[in-house]
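Colleague: Quick one: structure below, then a few questions.
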Amino acid sequence: MTFETRRIKLDIPDGPEYDQVRDMHGHTVTVFASTEINGERSLKIGSRTLQLRKVGVDEDDEGTMDVYRAESISEPSY
C-alpha cells in the first residue's frame, strides 16, 4: 500500500493559547494526503493537537502547497 504525502504550510494565529506552537508559523510540514476531510485536518505538534482549515495556496521554489490556518488547539496531553 502506498501513502501519498503532501506538503502544507502552517498559519498559526496570535493568541496566548498558541504560544507553545507559535514557532511553527510559516513552516512547511509533510502530511499524509488522506488525512484531509473537507478542507480540514488535525496535526499533532508535541503534546497538543491543532485543528486546521485550508485557507489558501502558496508557491515556493519547490512547487505549490496548501496553506492551513489553526482553528483551535487542544490542551496538552501527556
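Convention: chains lettered A, B, ... in C-alpha cells order; per-chain residue numbering from 1; ligands numbered from 1 as shown.
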Do you know which residues are at most 12 Å from Pro13 (chain A) counting only C-alpha atoms, after dropping those on the same chain fewer than 4 positions away, and could you put them as a PyMOL selection string?
Modeller: chain A and resi 17-26+50+52+68-73
Colleague: Take the residues that were just selected and, keeping all heavy atoms, output them as a compact mmCIF listing (two decimals), in the first residue's frame.
Modeller:
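Result file result10.txt:
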```txt
# COMPACT_ATOMS: atom_id res chain seq x y z
N GLU A 17 -3.07 31.00 23.69
CA GLU A 17 -3.25 29.54 23.62
C GLU A 17 -2.31 28.89 22.59
O GLU A 17 -2.06 27.70 22.64
CB GLU A 17 -4.71 29.17 23.33
CG GLU A 17 -5.21 29.59 21.97
CD GLU A 17 -5.80 30.99 21.92
OE1 GLU A 17 -5.43 31.85 22.73
OE2 GLU A 17 -6.63 31.22 21.03
N TYR A 18 -1.80 29.68 21.64
CA TYR A 18 -0.92 29.15 20.60
C TYR A 18 0.57 29.38 20.89
O TYR A 18 1.41 29.08 20.07
CB TYR A 18 -1.25 29.78 19.24
CG TYR A 18 -2.63 29.39 18.74
CD1 TYR A 18 -3.70 30.25 18.89
CD2 TYR A 18 -2.84 28.16 18.15
CE1 TYR A 18 -4.96 29.90 18.44
CE2 TYR A 18 -4.10 27.78 17.70
CZ TYR A 18 -5.15 28.67 17.84
OH TYR A 18 -6.39 28.30 17.40
N ASP A 19 0.90 29.95 22.06
CA ASP A 19 2.29 30.28 22.38
C ASP A 19 3.24 29.10 22.20
O ASP A 19 4.35 29.26 21.71
CB ASP A 19 2.42 30.85 23.80
CG ASP A 19 1.94 32.29 23.88
OD1 ASP A 19 1.70 32.91 22.83
OD2 ASP A 19 1.79 32.78 25.02
N GLN A 20 2.82 27.90 22.61
CA GLN A 20 3.72 26.74 22.55
C GLN A 20 4.00 26.25 21.14
O GLN A 20 4.94 25.50 20.92
CB GLN A 20 3.19 25.59 23.39
CG GLN A 20 3.25 25.89 24.87
CD GLN A 20 2.90 24.68 25.70
OE1 GLN A 20 2.25 23.75 25.22
NE2 GLN A 20 3.32 24.68 26.94
N VAL A 21 3.20 26.67 20.16
CA VAL A 21 3.41 26.24 18.78
C VAL A 21 3.66 27.43 17.84
O VAL A 21 3.72 27.27 16.63
CB VAL A 21 2.25 25.38 18.25
CG1 VAL A 21 2.15 24.07 19.01
CG2 VAL A 21 0.94 26.13 18.30
N ARG A 22 3.80 28.63 18.41
CA ARG A 22 3.99 29.84 17.61
C ARG A 22 5.16 29.72 16.64
O ARG A 22 5.11 30.21 15.52
CB ARG A 22 4.20 31.05 18.51
CG ARG A 22 4.52 32.32 17.77
CD ARG A 22 3.39 33.28 17.55
NE ARG A 22 2.58 33.45 18.73
CZ ARG A 22 1.28 33.11 18.77
NH1 ARG A 22 0.70 32.62 17.71
NH2 ARG A 22 0.59 33.27 19.86
N ASP A 23 6.23 29.07 17.05
CA ASP A 23 7.41 28.96 16.18
C ASP A 23 7.15 28.12 14.94
O ASP A 23 7.96 28.09 14.02
CB ASP A 23 8.62 28.43 16.95
CG ASP A 23 8.40 27.06 17.54
OD1 ASP A 23 7.24 26.64 17.70
OD2 ASP A 23 9.40 26.40 17.86
N MET A 24 6.00 27.47 14.84
CA MET A 24 5.65 26.69 13.65
C MET A 24 5.00 27.55 12.58
O MET A 24 4.77 27.10 11.46
CB MET A 24 4.70 25.54 14.03
CG MET A 24 5.33 24.48 14.90
SD MET A 24 6.73 23.64 14.12
CE MET A 24 5.91 22.77 12.81
N HIS A 25 4.68 28.82 12.89
CA HIS A 25 4.04 29.70 11.90
C HIS A 25 4.92 29.83 10.66
O HIS A 25 6.11 30.12 10.75
CB HIS A 25 3.77 31.09 12.49
CG HIS A 25 3.17 32.03 11.49
ND1 HIS A 25 1.85 31.95 11.13
CD2 HIS A 25 3.70 33.03 10.77
CE1 HIS A 25 1.59 32.88 10.23
NE2 HIS A 25 2.70 33.55 10.00
N GLY A 26 4.33 29.61 9.50
CA GLY A 26 5.06 29.73 8.24
C GLY A 26 5.88 28.51 7.87
O GLY A 26 6.42 28.44 6.77
N LEU A 50 -3.54 20.46 16.78
CA LEU A 50 -4.14 21.61 16.12
C LEU A 50 -5.24 21.14 15.18
O LEU A 50 -5.07 20.15 14.46
CB LEU A 50 -3.10 22.34 15.27
CG LEU A 50 -1.96 23.03 15.99
CD1 LEU A 50 -0.95 23.54 14.97
CD2 LEU A 50 -2.47 24.17 16.84
N LEU A 52 -6.95 22.23 11.88
CA LEU A 52 -6.58 23.12 10.79
C LEU A 52 -7.66 23.20 9.73
O LEU A 52 -8.36 22.21 9.47
CB LEU A 52 -5.28 22.63 10.14
CG LEU A 52 -4.08 22.42 11.06
CD1 LEU A 52 -2.97 21.70 10.31
CD2 LEU A 52 -3.59 23.74 11.60
N TYR A 68 -2.78 26.04 5.64
CA TYR A 68 -3.79 25.69 6.64
C TYR A 68 -3.63 26.58 7.86
O TYR A 68 -2.54 26.74 8.39
CB TYR A 68 -3.63 24.22 7.07
CG TYR A 68 -4.18 23.26 6.07
CD1 TYR A 68 -3.44 22.89 4.96
CD2 TYR A 68 -5.44 22.72 6.22
CE1 TYR A 68 -3.94 22.01 4.02
CE2 TYR A 68 -5.96 21.83 5.28
CZ TYR A 68 -5.20 21.49 4.20
OH TYR A 68 -5.70 20.62 3.27
N ARG A 69 -4.74 27.16 8.30
CA ARG A 69 -4.74 28.01 9.50
C ARG A 69 -5.28 27.21 10.67
O ARG A 69 -6.28 26.50 10.55
CB ARG A 69 -5.63 29.23 9.27
CG ARG A 69 -5.63 30.18 10.46
CD ARG A 69 -6.33 31.48 10.09
NE ARG A 69 -6.40 32.40 11.21
CZ ARG A 69 -5.43 33.21 11.60
NH1 ARG A 69 -4.27 33.20 10.96
NH2 ARG A 69 -5.60 34.02 12.61
N ALA A 70 -4.62 27.37 11.80
CA ALA A 70 -5.07 26.70 13.03
C ALA A 70 -6.39 27.34 13.48
O ALA A 70 -6.47 28.55 13.63
CB ALA A 70 -4.02 26.82 14.12
N GLU A 71 -7.40 26.51 13.65
CA GLU A 71 -8.71 26.96 14.11
C GLU A 71 -8.88 26.77 15.62
O GLU A 71 -9.63 27.49 16.25
CB GLU A 71 -9.82 26.19 13.39
CG GLU A 71 -9.83 26.43 11.89
CD GLU A 71 -10.44 27.76 11.52
OE1 GLU A 71 -11.53 28.06 12.02
OE2 GLU A 71 -9.81 28.49 10.76
N SER A 72 -8.20 25.77 16.15
CA SER A 72 -8.26 25.52 17.59
C SER A 72 -7.06 24.65 17.97
O SER A 72 -6.39 24.07 17.11
CB SER A 72 -9.56 24.82 18.00
OG SER A 72 -9.61 23.53 17.44
N ILE A 73 -6.79 24.60 19.26
CA ILE A 73 -5.67 23.82 19.78
C ILE A 73 -6.14 23.11 21.04
O ILE A 73 -6.89 23.68 21.85
CB ILE A 73 -4.46 24.72 20.05
CG1 ILE A 73 -3.22 23.90 20.41
CG2 ILE A 73 -4.75 25.78 21.08
CD1 ILE A 73 -1.93 24.69 20.40
```
Colleague: Give the helix (DSSP H, G or I) residues of chain A, as DSSP finds them on the backbone, and put them as a list in words.
Modeller: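 Taking chain A and keeping helix (DSSP H, G or I) only, one gets Pro16, Glu17, Tyr18, Asp19, Gln20, Val21, Arg22, Asp23, Met24, Ala33, Ser34 and Thr35 of chain A.
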Colleague: Taking 4 positions as the minimum chain separation for residues in the same chain, which residues sit within 8 Å of region 30-33 of chain A when counting only C-alpha atoms? Answer as a list in words.
Modeller: Phe3, Glu4, Thr5, Arg6, Arg7 and Ile8 of chain A
Colleague: Can you pull out every residue from chain A that DSSP, working from the backbone, puts in strand (DSSP E), and format the result as a PyMOL selection string?
Modeller: chain A and resi 5-11+28-32+40-45+48-60+63-73
Colleague: Pick the closest to Thr28 (chain A) from A:Gly46, A:Pro16, A:Gly63, A:Pro76: which is it, counting only C-alpha atoms?
Modeller: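 Comparing A:Gly46, A:Pro16, A:Gly63, A:Pro76 against Thr28 (chain A), the winner is A:Gly63.
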Colleague: Counting only C-alpha atoms, figure out which residue out of A:Thr35, A:Thr64, A:Ser42, A:Ser47 gets nearest to Tyr78 (chain A).
Modeller: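 Ranked by minimum distance to Tyr78 (chain A), first place goes to A:Ser47.
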Colleague: As an exercise, work out the distance from CA of Asp11 (chain A) to CA of His27 (chain A) in Å and give it to one decimal place.
Modeller: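 We find that CA of Asp11 (chain A) and CA of His27 (chain A) lie 8.2 Å from each other.
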Colleague: Do you know which residues are at most 8 Å from Glu75 (chain A) counting only C-alpha atoms, after dropping those on the same chain fewer than 2 positions away, and could you put them as a list in words?
Modeller: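 That gives Arg48, Thr49, Ile73 and Ser77 of chain A.
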Colleague: Take the residues from that selection and put them in a file with N, CA and C atoms, as a compact mmCIF listing (two decimals), in the first residue's frame.
Modeller:
```
# COMPACT_ATOMS: atom_id res chain seq x y z
N ARG A 48 0.25 18.78 21.88
CA ARG A 48 -1.01 19.42 21.50
C ARG A 48 -1.44 19.01 20.10
N THR A 49 -2.73 19.09 19.85
CA THR A 49 -3.28 18.81 18.53
C THR A 49 -3.95 20.06 17.99
N ILE A 73 -6.79 24.60 19.26
CA ILE A 73 -5.67 23.82 19.78
C ILE A 73 -6.14 23.11 21.04
N SER A 77 -1.57 16.99 26.18
CA SER A 77 -1.84 15.60 26.57
C SER A 77 -0.50 14.90 26.69
```
Colleague: With distances taken over only C-alpha atoms, which of A:Leu43, A:Asn38, A:Lys9, A:Ser74 is nearest to Asp60 (chain A)?
Modeller: A:Lys9
Colleague: By how many Å are CA of Lys54 (chain A) and CA of Gly15 (chain A) apart?
Modeller: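 Taking CA of Lys54 (chain A) as the start and CA of Gly15 (chain A) as the end point, the length is 19.4 Å.
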Colleague: Please determine, counting only C-alpha atoms, which residue among A:Asp14, A:Val67, A:Asp61, A:Gly56 has the shortest atom-to-atom distance to Val29 (chain A).
Modeller: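 Closest to Val29 (chain A) of all the choices is A:Val67.
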